[in-house]
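Down below is the structure, laid out as structure tokens.
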6 protein chains.
Amino acid sequence: MYARGLRRRKAMFGEADVEQRMAAAGEFGAPLQNIINAYVYGDVWERSGLSGDIRSLVMLGITAASGKPAEFRVHAKGALANGCTKEQVQDVLLLVAMYCGVPAAIETNRIAAEIFGEASASDPAA
Amino acid sequence: MYARGLRRRKAMFGEADVEQRMAAAGEFGAPLQNIINAYVYGDVWERSGLSGDIRSLVMLGITAASGKPAEFRVHAKGALANGCTKEQVQDVLLLVAMYCGVPAAIETNRIAAEIFGEASASDPAA
Amino acid sequence: MYARGLRRRKAMFGEADVEQRMAAAGEFGAPLQNIINAYVYGDVWERSGLSGDIRSLVMLGITAASGKPAEFRVHAKGALANGCTKEQVQDVLLLVAMYCGVPAAIETNRIAAEIFGEASASDPAA
Amino acid sequence: MYARGLRRRKAMFGEADVEQRMAAAGEFGAPLQNIINAYVYGDVWERSGLSGDIRSLVMLGITAASGKPAEFRVHAKGALANGCTKEQVQDVLLLVAMYCGVPAAIETNRIAAEIFGEASASDPAA
Amino acid sequence: MYARGLRRRKAMFGEADVEQRMAAAGEFGAPLQNIINAYVYGDVWERSGLSGDIRSLVMLGITAASGKPAEFRVHAKGALANGCTKEQVQDVLLLVAMYCGVPAAIETNRIAAEIFGEASASDPAA
Amino acid sequence: MYARGLRRRKAMFGEADVEQRMAAAGEFGAPLQNIINAYVYGDVWERSGLSGDIRSLVMLGITAASGKPAEFRVHAKGALANGCTKEQVQDVLLLVAMYCGVPAAIETNRIAAEIFGEASASDPAA
């Protein structure tokens, strides 16, 4: 499962990025990287119930709702690689705004705007 | 927007259910019902970026991730009405397990099992 | 601080209620009751920066935002005792709806409607 | 509602700040800005149940309790514009400390100290 | 890992309890039960870095801090089976009170008091 | 309690660090520093139910689970001072991964790797 998951991570997020992250985690982070590679990407992401684009849209909702903007950024790049459109991501974030509150949508909207191709910079709040 | 949103809610969750909820909310809850009917269902749910089934799957991820099982139950029923399959919902909940932790998945798995057609009863934890 | 805080709790929530809670907490809960009586009510609630009604409105926002409906119920009763009006509580919950999402507002709206004098019953969701 | 809400935002947070944020959000963020301007500031903030200063104090409690320090910063500036005092904000944050835990109070105390006129810098933790 | 994890769960929480939970989860919940048995109990709980009693005390802190009282109850029983003392659990909950706020400590204190041998009943709040 | 708690903080986190934080908090933060010094470190941390190393491991679980990485960093330094081992901290973070989700473990693993002696740098996500 570990090898299969690592291949999927590299295909989705880019080989250089993933290798840099794993090197940075070092020996201390090796057991956690095993969970991520083998169980998360090697098992759960391999299931056939959801297509890649739908899975990515659900991930954007989950990471925005749980207040994890750094992880949202990773999966916004994955969503682009999996073929999600700008309109789909906008609509996910409007659900986040109404069901988790506008602050959760503001911080992730800024990230998504960077990755989905416009809006230079910062939309901190208000 | 209010009338349009109310029609959508009734189509998705059932007329009797929605009318009972709105009666129960009473005069005190009227301003909140206006936000729900007009802004949430009359505006955000009317957008065309996401199809009904994908929107429902994202909603299951969002409500599970934000720790709102009562709202998850409502949207699990909506997911069934919008044509989501058992396999899709299972896969959403495995993402929840890995990205939000198993307790969030356990409490929503029990609800989804009730609504998606098997498993009689309670799967409290462990 | 303990005696002063306990007096304040009884004045705000009712003597019988507070005594029943403290008896139920038993010996196991005594150190936590000390924190609640001495530090929370005997110190923080005794400060003069906020009047009682404003303090109660802030408490409703805090407990709704942090997803603690049982504690919201206690402080909704305290808000009534401290002279807050129905219109004030409605407006706090609409801020909760927009800044924390509608599920957080739905679960607390149902409780507030019971305590602020109308709406018999349940407004579970949607 | 959109025009009215935008006027209120500019009055409370400053015209230059709001225009910079909206420009940064770009086309991608336009639907979210519509929710913020029309529904949040053009509707909910226009209600008469709460005066401006009380509304700001509740907002500080809500944004601190829900772990959104960037949004807390925006509303701390709004609280200053709406006439809240240093003593009021201190007391809100002590409620946050006791009801949401000291880490939530530490990160927002640092921000509030900057805005309410003293404390140069960083109070990270402990 | 699945068989090993299932053995551990049964040893810690009781055979009848675990079998009842797994039966209740049904076919729908089988993939989630696989994660729980194989990855959580068959891998992570088998690691040697923490003794059983320390692991249980950390679990009580984690489940209380993340607002999952049903899961806290399961692990409070596990803590008793793993030899934790009443004084240890009390001290964990006082840390929860100060670092996550008193509401999180109140709801879990009530559960722990039931399991750690006194206090009949309910300590809802205040 | 204040003087006793301040001594403990300085012993655990270093005198220079604590003095710098308290100076930075200024007059505005003085009431919050009183809660931290007197109630948290002067009372709760003085209790005898937990040894220093176990208390630190529980604190790492609590601060990781509640999404407070800045506070996690402070207590990771405290855990080192209290004699916790790298293997213990790794195992706490694997529990966090499975019970709170991998994003919570990723952000705290990066911090712990810095403090517990290896891994140069950044392990942002994926």
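Labels used: A, B, ... for chains in the order of the structure tokens, numbers from 1 for residues in each chain, and numbers from 1 for ligands as shown.
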Enumerate, in order of chain and increasing residue number, the residues of chain D with an atom no farther than 12 Å from chain A, each with its shortest atom pair and distance in Å to one decimal, counting only C-alpha atoms, as a Markdown table.
| residue | atom | partner | partner_atom | distance |
| --- | --- | --- | --- | --- |
| D:Gly5 | CA | A:Ala126 | CA | 11.4 |
| D:Leu6 | CA | A:Ala126 | CA | 10.6 |
| D:Arg8 | CA | A:Ala126 | CA | 11.1 |
| D:Arg9 | CA | A:Ala126 | CA | 7.6 |
| D:Lys10 | CA | A:Ala126 | CA | 10.0 |
| D:Met12 | CA | A:Ala126 | CA | 9.8 |
| D:Phe13 | CA | A:Ala126 | CA | 7.9 |
| D:Gly14 | CA | A:Ala126 | CA | 10.8 |
| D:Glu15 | CA | A:Ala126 | CA | 12.0 |
| D:Asp17 | CA | A:Ala126 | CA | 9.4 |
| D:Val18 | CA | A:Ala126 | CA | 7.7 |
| D:Glu19 | CA | A:Asp123 | CA | 10.3 |
| D:Gln20 | CA | A:Asp123 | CA | 8.1 |
| D:Arg21 | CA | A:Asp123 | CA | 4.9 |
| D:Met22 | CA | A:Asp123 | CA | 7.1 |
| D:Ala23 | CA | A:Ala119 | CA | 7.8 |
| D:Ala24 | CA | A:Ala121 | CA | 5.5 |
| D:Ala25 | CA | A:Asp123 | CA | 5.5 |
| D:Gly26 | CA | A:Ala119 | CA | 4.7 |
| D:Glu27 | CA | A:Ala119 | CA | 7.1 |
| D:Phe28 | CA | A:Ala113 | CA | 5.8 |
| D:Gly29 | CA | A:Asn109 | CA | 6.5 |
| D:Ala30 | CA | A:Gln90 | CA | 9.4 |
| D:Pro31 | CA | A:Leu94 | CA | 7.7 |
| D:Leu32 | CA | A:Leu94 | CA | 6.4 |
| D:Gln33 | CA | A:Ile106 | CA | 9.1 |
| D:Asn34 | CA | A:Leu94 | CA | 10.4 |
| D:Ile35 | CA | A:Ala97 | CA | 8.4 |
| D:Ile36 | CA | A:Val102 | CA | 7.5 |
| D:Asn37 | CA | A:Ala126 | CA | 9.4 |
| D:Tyr39 | CA | A:Met98 | CA | 10.6 |
| D:Val40 | CA | A:Val102 | CA | 8.9 |
| D:Tyr41 | CA | A:Ala126 | CA | 9.5 |
| D:Met59 | CA | A:Ala126 | CA | 11.6 |
| D:Ile62 | CA | A:Gly101 | CA | 10.9 |
| D:Thr63 | CA | A:Pro103 | CA | 8.4 |
| D:Ala64 | CA | A:Pro103 | CA | 11.5 |
| D:Ser66 | CA | A:Pro103 | CA | 9.4 |
| D:Gly67 | CA | A:Gly67 | CA | 8.4 |
| D:Lys68 | CA | A:Pro103 | CA | 6.9 |
| D:Pro69 | CA | A:Pro103 | CA | 9.6 |
| D:Ala70 | CA | A:Ala125 | CA | 6.8 |
| D:Glu71 | CA | A:Ala125 | CA | 5.7 |
| D:Phe72 | CA | A:Ala125 | CA | 9.2 |
| D:Arg73 | CA | A:Ala125 | CA | 8.8 |
| D:Val74 | CA | A:Ala126 | CA | 6.0 |
| D:His75 | CA | A:Ala126 | CA | 7.6 |
| D:Ala76 | CA | A:Ala126 | CA | 10.9 |
| D:Lys77 | CA | A:Ala126 | CA | 10.3 |
| D:Gly78 | CA | A:Ala126 | CA | 9.4 |
Residue list (alpha helix (DSSP H), DSSP) for range 16-103 of chain C, as number ranges by chain: C: 16-25, 30-34, 52-65, 69-81, 86-100, 102-103
Any chance you could fit chain D onto chain F with least squares, all Cα atoms in order, and share the moved copy as a tab-separated table (two decimals) with N, CA and C atoms, in the first residue's frame?
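So the final result, stored in result38.tsv, reads:
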chain	number	residue	atom	x	y	z
D	1	MET	N	-0.37	32.05	44.86
D	1	MET	CA	-0.38	31.17	43.69
D	1	MET	C	0.37	31.80	42.52
D	2	TYR	N	0.25	33.14	42.39
D	2	TYR	CA	0.88	33.83	41.27
D	2	TYR	C	2.40	33.61	41.27
D	3	ALA	N	3.04	33.84	42.43
D	3	ALA	CA	4.50	33.71	42.51
D	3	ALA	C	4.94	32.27	42.26
D	4	ARG	N	4.20	31.35	42.84
D	4	ARG	CA	4.52	29.94	42.66
D	4	ARG	C	4.39	29.51	41.20
D	5	GLY	N	3.33	29.98	40.55
D	5	GLY	CA	3.09	29.63	39.15
D	5	GLY	C	4.15	30.24	38.24
D	6	LEU	N	4.53	31.47	38.54
D	6	LEU	CA	5.55	32.13	37.72
D	6	LEU	C	6.88	31.39	37.84
D	7	ARG	N	7.22	30.94	39.05
D	7	ARG	CA	8.46	30.14	39.22
D	7	ARG	C	8.41	28.88	38.37
D	8	ARG	N	7.27	28.21	38.40
D	8	ARG	CA	7.15	26.98	37.61
D	8	ARG	C	7.28	27.26	36.11
D	9	ARG	N	6.61	28.29	35.62
D	9	ARG	CA	6.73	28.64	34.20
D	9	ARG	C	8.18	28.87	33.81
D	10	LYS	N	8.89	29.65	34.64
D	10	LYS	CA	10.29	29.97	34.32
D	10	LYS	C	11.16	28.71	34.34
D	11	ALA	N	10.89	27.82	35.29
D	11	ALA	CA	11.68	26.58	35.36
D	11	ALA	C	11.44	25.73	34.11
D	12	MET	N	10.21	25.73	33.63
D	12	MET	CA	9.86	24.83	32.53
D	12	MET	C	10.19	25.43	31.16
D	13	PHE	N	9.98	26.72	30.98
D	13	PHE	CA	10.12	27.31	29.65
D	13	PHE	C	11.32	28.25	29.54
D	14	GLY	N	12.03	28.52	30.64
D	14	GLY	CA	13.20	29.42	30.60
D	14	GLY	C	12.82	30.83	31.05
D	15	GLU	N	13.66	31.42	31.92
D	15	GLU	CA	13.35	32.72	32.53
D	15	GLU	C	13.24	33.82	31.47
D	16	ALA	N	14.20	33.85	30.52
D	16	ALA	CA	14.21	34.94	29.54
D	16	ALA	C	12.95	34.91	28.67
D	17	ASP	N	12.58	33.71	28.23
D	17	ASP	CA	11.39	33.56	27.40
D	17	ASP	C	10.13	34.07	28.10
D	18	VAL	N	9.95	33.66	29.33
D	18	VAL	CA	8.72	34.03	30.05
D	18	VAL	C	8.71	35.53	30.31
D	19	GLU	N	9.85	36.10	30.69
D	19	GLU	CA	9.86	37.55	30.94
D	19	GLU	C	9.59	38.34	29.67
D	20	GLN	N	10.12	37.86	28.56
D	20	GLN	CA	9.88	38.54	27.29
D	20	GLN	C	8.39	38.50	26.94
D	21	ARG	N	7.76	37.34	27.14
D	21	ARG	CA	6.33	37.23	26.85
D	21	ARG	C	5.50	38.15	27.73
D	22	MET	N	5.85	38.20	29.02
D	22	MET	CA	5.05	39.02	29.92
D	22	MET	C	5.23	40.51	29.63
D	23	ALA	N	6.45	40.90	29.27
D	23	ALA	CA	6.67	42.30	28.89
D	23	ALA	C	5.86	42.64	27.63
D	24	ALA	N	5.86	41.73	26.68
D	24	ALA	CA	5.13	41.97	25.44
D	24	ALA	C	3.63	42.08	25.66
D	25	ALA	N	3.11	41.35	26.61
D	25	ALA	CA	1.68	41.39	26.89
D	25	ALA	C	1.26	42.74	27.45
D	26	GLY	N	2.17	43.40	28.10
D	26	GLY	CA	1.93	44.76	28.58
D	26	GLY	C	0.81	44.87	29.59
D	27	GLU	N	0.38	46.11	29.82
D	27	GLU	CA	-0.68	46.38	30.79
D	27	GLU	C	-2.00	45.75	30.33
D	28	PHE	N	-2.25	45.80	29.02
D	28	PHE	CA	-3.49	45.23	28.49
D	28	PHE	C	-3.63	43.76	28.88
D	29	GLY	N	-2.53	43.03	28.79
D	29	GLY	CA	-2.58	41.59	29.02
D	29	GLY	C	-2.42	41.17	30.46
D	30	ALA	N	-2.28	42.12	31.40
D	30	ALA	CA	-2.00	41.76	32.79
D	30	ALA	C	-3.07	40.87	33.41
D	31	PRO	N	-4.38	41.12	33.20
D	31	PRO	CA	-5.37	40.23	33.81
D	31	PRO	C	-5.28	38.80	33.28
D	32	LEU	N	-4.98	38.65	32.00
D	32	LEU	CA	-4.84	37.30	31.44
D	32	LEU	C	-3.59	36.62	32.00
D	33	GLN	N	-2.49	37.38	32.14
D	33	GLN	CA	-1.28	36.80	32.74
D	33	GLN	C	-1.55	36.36	34.17
D	34	ASN	N	-2.43	37.05	34.87
D	34	ASN	CA	-2.76	36.61	36.23
D	34	ASN	C	-3.45	35.25	36.22
D	35	ILE	N	-4.37	35.06	35.28
D	35	ILE	CA	-5.03	33.75	35.16
D	35	ILE	C	-3.99	32.67	34.85
D	36	ILE	N	-3.09	32.97	33.91
D	36	ILE	CA	-2.09	31.97	33.51
D	36	ILE	C	-1.15	31.64	34.67
D	37	ASN	N	-0.62	32.68	35.31
D	37	ASN	CA	0.35	32.42	36.39
D	37	ASN	C	-0.31	31.81	37.63
D	38	ALA	N	-1.40	32.43	38.08
D	38	ALA	CA	-1.98	32.00	39.35
D	38	ALA	C	-2.82	30.73	39.22
D	39	TYR	N	-3.75	30.72	38.27
D	39	TYR	CA	-4.70	29.61	38.22
D	39	TYR	C	-4.15	28.41	37.45
D	40	VAL	N	-3.53	28.69	36.29
D	40	VAL	CA	-3.06	27.57	35.47
D	40	VAL	C	-1.79	26.95	36.08
D	41	TYR	N	-0.71	27.77	36.18
D	41	TYR	CA	0.55	27.20	36.67
D	41	TYR	C	0.63	27.15	38.19
D	42	GLY	N	0.00	28.11	38.89
D	42	GLY	CA	0.08	28.14	40.35
D	42	GLY	C	-0.88	27.20	41.03
D	43	ASP	N	-1.91	26.76	40.34
D	43	ASP	CA	-2.88	25.83	40.93
D	43	ASP	C	-2.90	24.50	40.17
D	44	VAL	N	-3.40	24.51	38.93
D	44	VAL	CA	-3.64	23.24	38.22
D	44	VAL	C	-2.35	22.45	37.99
D	45	TRP	N	-1.28	23.16	37.59
D	45	TRP	CA	-0.01	22.45	37.36
D	45	TRP	C	0.66	21.99	38.67
D	46	GLU	N	0.24	22.50	39.81
D	46	GLU	CA	0.83	22.09	41.08
D	46	GLU	C	0.21	20.81	41.64
D	47	ARG	N	-0.89	20.36	41.06
D	47	ARG	CA	-1.56	19.17	41.57
D	47	ARG	C	-0.67	17.93	41.42
D	48	SER	N	-0.92	16.95	42.25
D	48	SER	CA	0.00	15.81	42.31
D	48	SER	C	-0.49	14.58	41.57
D	49	GLY	N	-1.63	14.63	40.89
D	49	GLY	CA	-2.16	13.43	40.24
D	49	GLY	C	-1.34	12.95	39.05
D	50	LEU	N	-0.64	13.86	38.39
D	50	LEU	CA	0.15	13.50	37.21
D	50	LEU	C	1.61	13.91	37.41
D	51	SER	N	2.53	13.05	37.04
D	51	SER	CA	3.95	13.43	37.04
D	51	SER	C	4.20	14.41	35.89
D	52	GLY	N	5.33	15.10	35.96
D	52	GLY	CA	5.61	16.14	34.97
D	52	GLY	C	5.65	15.62	33.54
D	53	ASP	N	6.24	14.46	33.32
D	53	ASP	CA	6.34	13.97	31.95
D	53	ASP	C	4.98	13.54	31.39
D	54	ILE	N	4.18	12.88	32.23
D	54	ILE	CA	2.85	12.47	31.76
D	54	ILE	C	2.00	13.70	31.49
D	55	ARG	N	2.09	14.69	32.38
D	55	ARG	CA	1.32	15.93	32.19
D	55	ARG	C	1.70	16.58	30.85
D	56	SER	N	2.98	16.59	30.55
D	56	SER	CA	3.41	17.18	29.28
D	56	SER	C	2.88	16.40	28.08
D	57	LEU	N	2.88	15.08	28.15
D	57	LEU	CA	2.37	14.29	27.03
D	57	LEU	C	0.88	14.54	26.82
D	58	VAL	N	0.13	14.64	27.92
D	58	VAL	CA	-1.30	14.97	27.81
D	58	VAL	C	-1.47	16.35	27.19
D	59	MET	N	-0.63	17.31	27.60
D	59	MET	CA	-0.72	18.67	27.04
D	59	MET	C	-0.47	18.68	25.54
D	60	LEU	N	0.48	17.85	25.07
D	60	LEU	CA	0.73	17.79	23.63
D	60	LEU	C	-0.51	17.26	22.90
D	61	GLY	N	-1.16	16.25	23.47
D	61	GLY	CA	-2.38	15.74	22.87
D	61	GLY	C	-3.49	16.80	22.85
D	62	ILE	N	-3.65	17.51	23.96
D	62	ILE	CA	-4.71	18.51	24.08
D	62	ILE	C	-4.49	19.66	23.10
D	63	THR	N	-3.27	20.19	23.05
D	63	THR	CA	-3.05	21.37	22.20
D	63	THR	C	-3.07	20.99	20.72
D	64	ALA	N	-2.62	19.78	20.37
D	64	ALA	CA	-2.71	19.32	18.98
D	64	ALA	C	-4.17	19.11	18.60
D	65	ALA	N	-4.94	18.48	19.49
D	65	ALA	CA	-6.35	18.17	19.19
D	65	ALA	C	-7.19	19.42	19.07
D	66	SER	N	-6.84	20.47	19.81
D	66	SER	CA	-7.68	21.68	19.75
D	66	SER	C	-7.17	22.68	18.73
D	67	GLY	N	-6.20	22.28	17.89
D	67	GLY	CA	-5.80	23.13	16.76
D	67	GLY	C	-5.08	24.40	17.20
D	68	LYS	N	-4.16	24.26	18.14
D	68	LYS	CA	-3.43	25.42	18.65
D	68	LYS	C	-1.93	25.18	18.51
D	69	PRO	N	-1.38	25.25	17.27
D	69	PRO	CA	0.03	24.90	17.08
D	69	PRO	C	1.01	25.81	17.82
D	70	ALA	N	0.70	27.10	18.00
D	70	ALA	CA	1.64	27.96	18.74
D	70	ALA	C	1.77	27.49	20.18
D	71	GLU	N	0.66	27.11	20.77
D	71	GLU	CA	0.69	26.60	22.15
D	71	GLU	C	1.34	25.22	22.19
D	72	PHE	N	1.12	24.40	21.15
D	72	PHE	CA	1.79	23.10	21.07
D	72	PHE	C	3.30	23.29	21.11
D	73	ARG	N	3.81	24.30	20.40
D	73	ARG	CA	5.25	24.55	20.39
D	73	ARG	C	5.78	24.84	21.79
D	74	VAL	N	5.08	25.69	22.53
D	74	VAL	CA	5.49	25.99	23.90
D	74	VAL	C	5.56	24.71	24.73
D	75	HIS	N	4.53	23.88	24.62
D	75	HIS	CA	4.49	22.68	25.46
D	75	HIS	C	5.40	21.57	24.94
D	76	ALA	N	5.79	21.62	23.67
D	76	ALA	CA	6.80	20.66	23.19
D	76	ALA	C	8.14	20.97	23.86
D	77	LYS	N	8.44	22.25	23.99
D	77	LYS	CA	9.66	22.61	24.74
D	77	LYS	C	9.54	22.18	26.20
D	78	GLY	N	8.38	22.37	26.78
D	78	GLY	CA	8.16	21.93	28.16
D	78	GLY	C	8.30	20.42	28.29
D	79	ALA	N	7.84	19.69	27.26
D	79	ALA	CA	7.94	18.23	27.30
D	79	ALA	C	9.40	17.78	27.30
D	80	LEU	N	10.21	18.49	26.52
D	80	LEU	CA	11.65	18.17	26.50
D	80	LEU	C	12.25	18.44	27.88
D	81	ALA	N	11.90	19.58	28.48
D	81	ALA	CA	12.39	19.92	29.82
D	81	ALA	C	11.91	18.92	30.87
D	82	ASN	N	10.74	18.34	30.66
D	82	ASN	CA	10.18	17.40	31.63
D	82	ASN	C	10.58	15.95	31.37
D	83	GLY	N	11.48	15.74	30.41
D	83	GLY	CA	12.06	14.41	30.23
D	83	GLY	C	11.32	13.48	29.29
D	84	CYS	N	10.39	13.98	28.53
D	84	CYS	CA	9.71	13.11	27.56
D	84	CYS	C	10.67	12.70	26.45
D	85	THR	N	10.45	11.52	25.91
D	85	THR	CA	11.33	11.02	24.84
D	85	THR	C	10.71	11.25	23.46
D	86	LYS	N	11.58	11.16	22.46
D	86	LYS	CA	11.12	11.29	21.07
D	86	LYS	C	10.07	10.23	20.74
D	87	GLU	N	10.26	9.02	21.22
D	87	GLU	CA	9.32	7.93	20.91
D	87	GLU	C	7.94	8.22	21.51
D	88	GLN	N	7.94	8.79	22.70
D	88	GLN	CA	6.65	9.11	23.33
D	88	GLN	C	5.90	10.16	22.52
D	89	VAL	N	6.63	11.20	22.10
D	89	VAL	CA	5.97	12.27	21.35
D	89	VAL	C	5.49	11.76	20.00
D	90	GLN	N	6.30	10.94	19.35
D	90	GLN	CA	5.84	10.34	18.08
D	90	GLN	C	4.53	9.59	18.28
D	91	ASP	N	4.44	8.82	19.35
D	91	ASP	CA	3.23	8.02	19.56
D	91	ASP	C	2.02	8.89	19.89
D	92	VAL	N	2.23	9.98	20.62
D	92	VAL	CA	1.11	10.91	20.86
D	92	VAL	C	0.60	11.45	19.52
D	93	LEU	N	1.52	11.79	18.62
D	93	LEU	CA	1.09	12.39	17.35
D	93	LEU	C	0.43	11.38	16.42
D	94	LEU	N	0.75	10.11	16.56
D	94	LEU	CA	0.04	9.11	15.76
D	94	LEU	C	-1.39	8.93	16.28
D	95	LEU	N	-1.58	9.05	17.59
D	95	LEU	CA	-2.95	9.06	18.13
D	95	LEU	C	-3.71	10.27	17.59
D	96	VAL	N	-3.05	11.43	17.58
D	96	VAL	CA	-3.67	12.64	17.03
D	96	VAL	C	-4.07	12.40	15.56
D	97	ALA	N	-3.18	11.77	14.79
D	97	ALA	CA	-3.48	11.51	13.38
D	97	ALA	C	-4.76	10.69	13.23
D	98	MET	N	-4.90	9.64	14.03
D	98	MET	CA	-6.04	8.75	13.85
D	98	MET	C	-7.31	9.27	14.51
D	99	TYR	N	-7.19	10.05	15.58
D	99	TYR	CA	-8.40	10.50	16.29
D	99	TYR	C	-8.79	11.94	15.96
D	100	CYS	N	-7.88	12.73	15.40
D	100	CYS	CA	-8.21	14.12	15.00
D	100	CYS	C	-7.94	14.37	13.52
D	101	GLY	N	-7.37	13.41	12.84
D	101	GLY	CA	-7.11	13.55	11.41
D	101	GLY	C	-5.68	13.91	11.11
D	102	VAL	N	-5.21	13.53	9.92
D	102	VAL	CA	-3.80	13.74	9.59
D	102	VAL	C	-3.40	15.22	9.52
D	103	PRO	N	-4.28	16.16	9.12
D	103	PRO	CA	-3.78	17.55	9.09
D	103	PRO	C	-3.32	18.05	10.47
D	104	ALA	N	-4.05	17.69	11.52
D	104	ALA	CA	-3.63	18.10	12.88
D	104	ALA	C	-2.29	17.49	13.24
D	105	ALA	N	-2.02	16.28	12.79
D	105	ALA	CA	-0.75	15.63	13.08
D	105	ALA	C	0.39	16.21	12.25
D	106	ILE	N	0.10	16.57	11.01
D	106	ILE	CA	1.15	17.10	10.13
D	106	ILE	C	1.69	18.42	10.67
D	107	GLU	N	0.79	19.33	11.08
D	107	GLU	CA	1.29	20.63	11.53
D	107	GLU	C	2.04	20.54	12.85
D	108	THR	N	1.67	19.62	13.72
D	108	THR	CA	2.38	19.48	14.99
D	108	THR	C	3.62	18.59	14.85
D	109	ASN	N	3.59	17.67	13.92
D	109	ASN	CA	4.78	16.83	13.68
D	109	ASN	C	5.97	17.69	13.26
D	110	ARG	N	5.69	18.64	12.40
D	110	ARG	CA	6.74	19.55	11.95
D	110	ARG	C	7.38	20.31	13.12
D	111	ILE	N	6.57	20.78	14.05
D	111	ILE	CA	7.06	21.51	15.22
D	111	ILE	C	7.84	20.57	16.14
D	112	ALA	N	7.28	19.40	16.39
D	112	ALA	CA	7.93	18.46	17.29
D	112	ALA	C	9.26	17.98	16.73
D	113	ALA	N	9.34	17.81	15.40
D	113	ALA	CA	10.58	17.36	14.78
D	113	ALA	C	11.68	18.40	14.99
D	114	GLU	N	11.33	19.68	14.92
D	114	GLU	CA	12.30	20.74	15.18
D	114	GLU	C	12.85	20.66	16.59
D	115	ILE	N	11.95	20.43	17.54
D	115	ILE	CA	12.32	20.53	18.96
D	115	ILE	C	12.95	19.24	19.45
D	116	PHE	N	12.48	18.10	18.95
D	116	PHE	CA	13.03	16.83	19.41
D	116	PHE	C	14.19	16.36	18.55
D	117	GLY	N	14.85	17.26	17.89
D	117	GLY	CA	16.18	17.10	17.49
D	117	GLY	C	16.57	16.60	16.14
D	118	GLU	N	15.75	16.79	15.15
D	118	GLU	CA	16.17	16.49	13.80
D	118	GLU	C	15.15	17.10	12.88
D	119	ALA	N	15.20	16.74	11.62
D	119	ALA	CA	14.29	17.32	10.63
D	119	ALA	C	14.49	18.81	10.62
D	120	SER	N	15.13	19.29	9.58
D	120	SER	CA	15.43	20.71	9.55
D	120	SER	C	14.20	21.57	9.52
D	121	ALA	N	13.20	21.22	8.70
D	121	ALA	CA	12.37	22.32	8.26
D	121	ALA	C	10.89	22.03	8.14
D	122	SER	N	10.41	22.19	6.92
D	122	SER	CA	8.97	22.31	6.73
D	122	SER	C	8.39	21.03	6.17
D	123	ASP	N	7.25	20.61	6.73
D	123	ASP	CA	6.52	19.43	6.29
D	123	ASP	C	5.08	19.83	6.12
D	124	PRO	N	4.84	20.80	5.22
D	124	PRO	CA	3.53	21.46	5.25
D	124	PRO	C	2.32	20.55	5.15
D	125	ALA	N	2.32	19.60	4.24
D	125	ALA	CA	1.07	18.84	4.14
D	125	ALA	C	1.16	17.69	3.15
D	126	ALA	N	0.02	17.27	2.67
D	126	ALA	CA	-0.22	16.15	1.76
D	126	ALA	C	-0.39	14.82	2.47
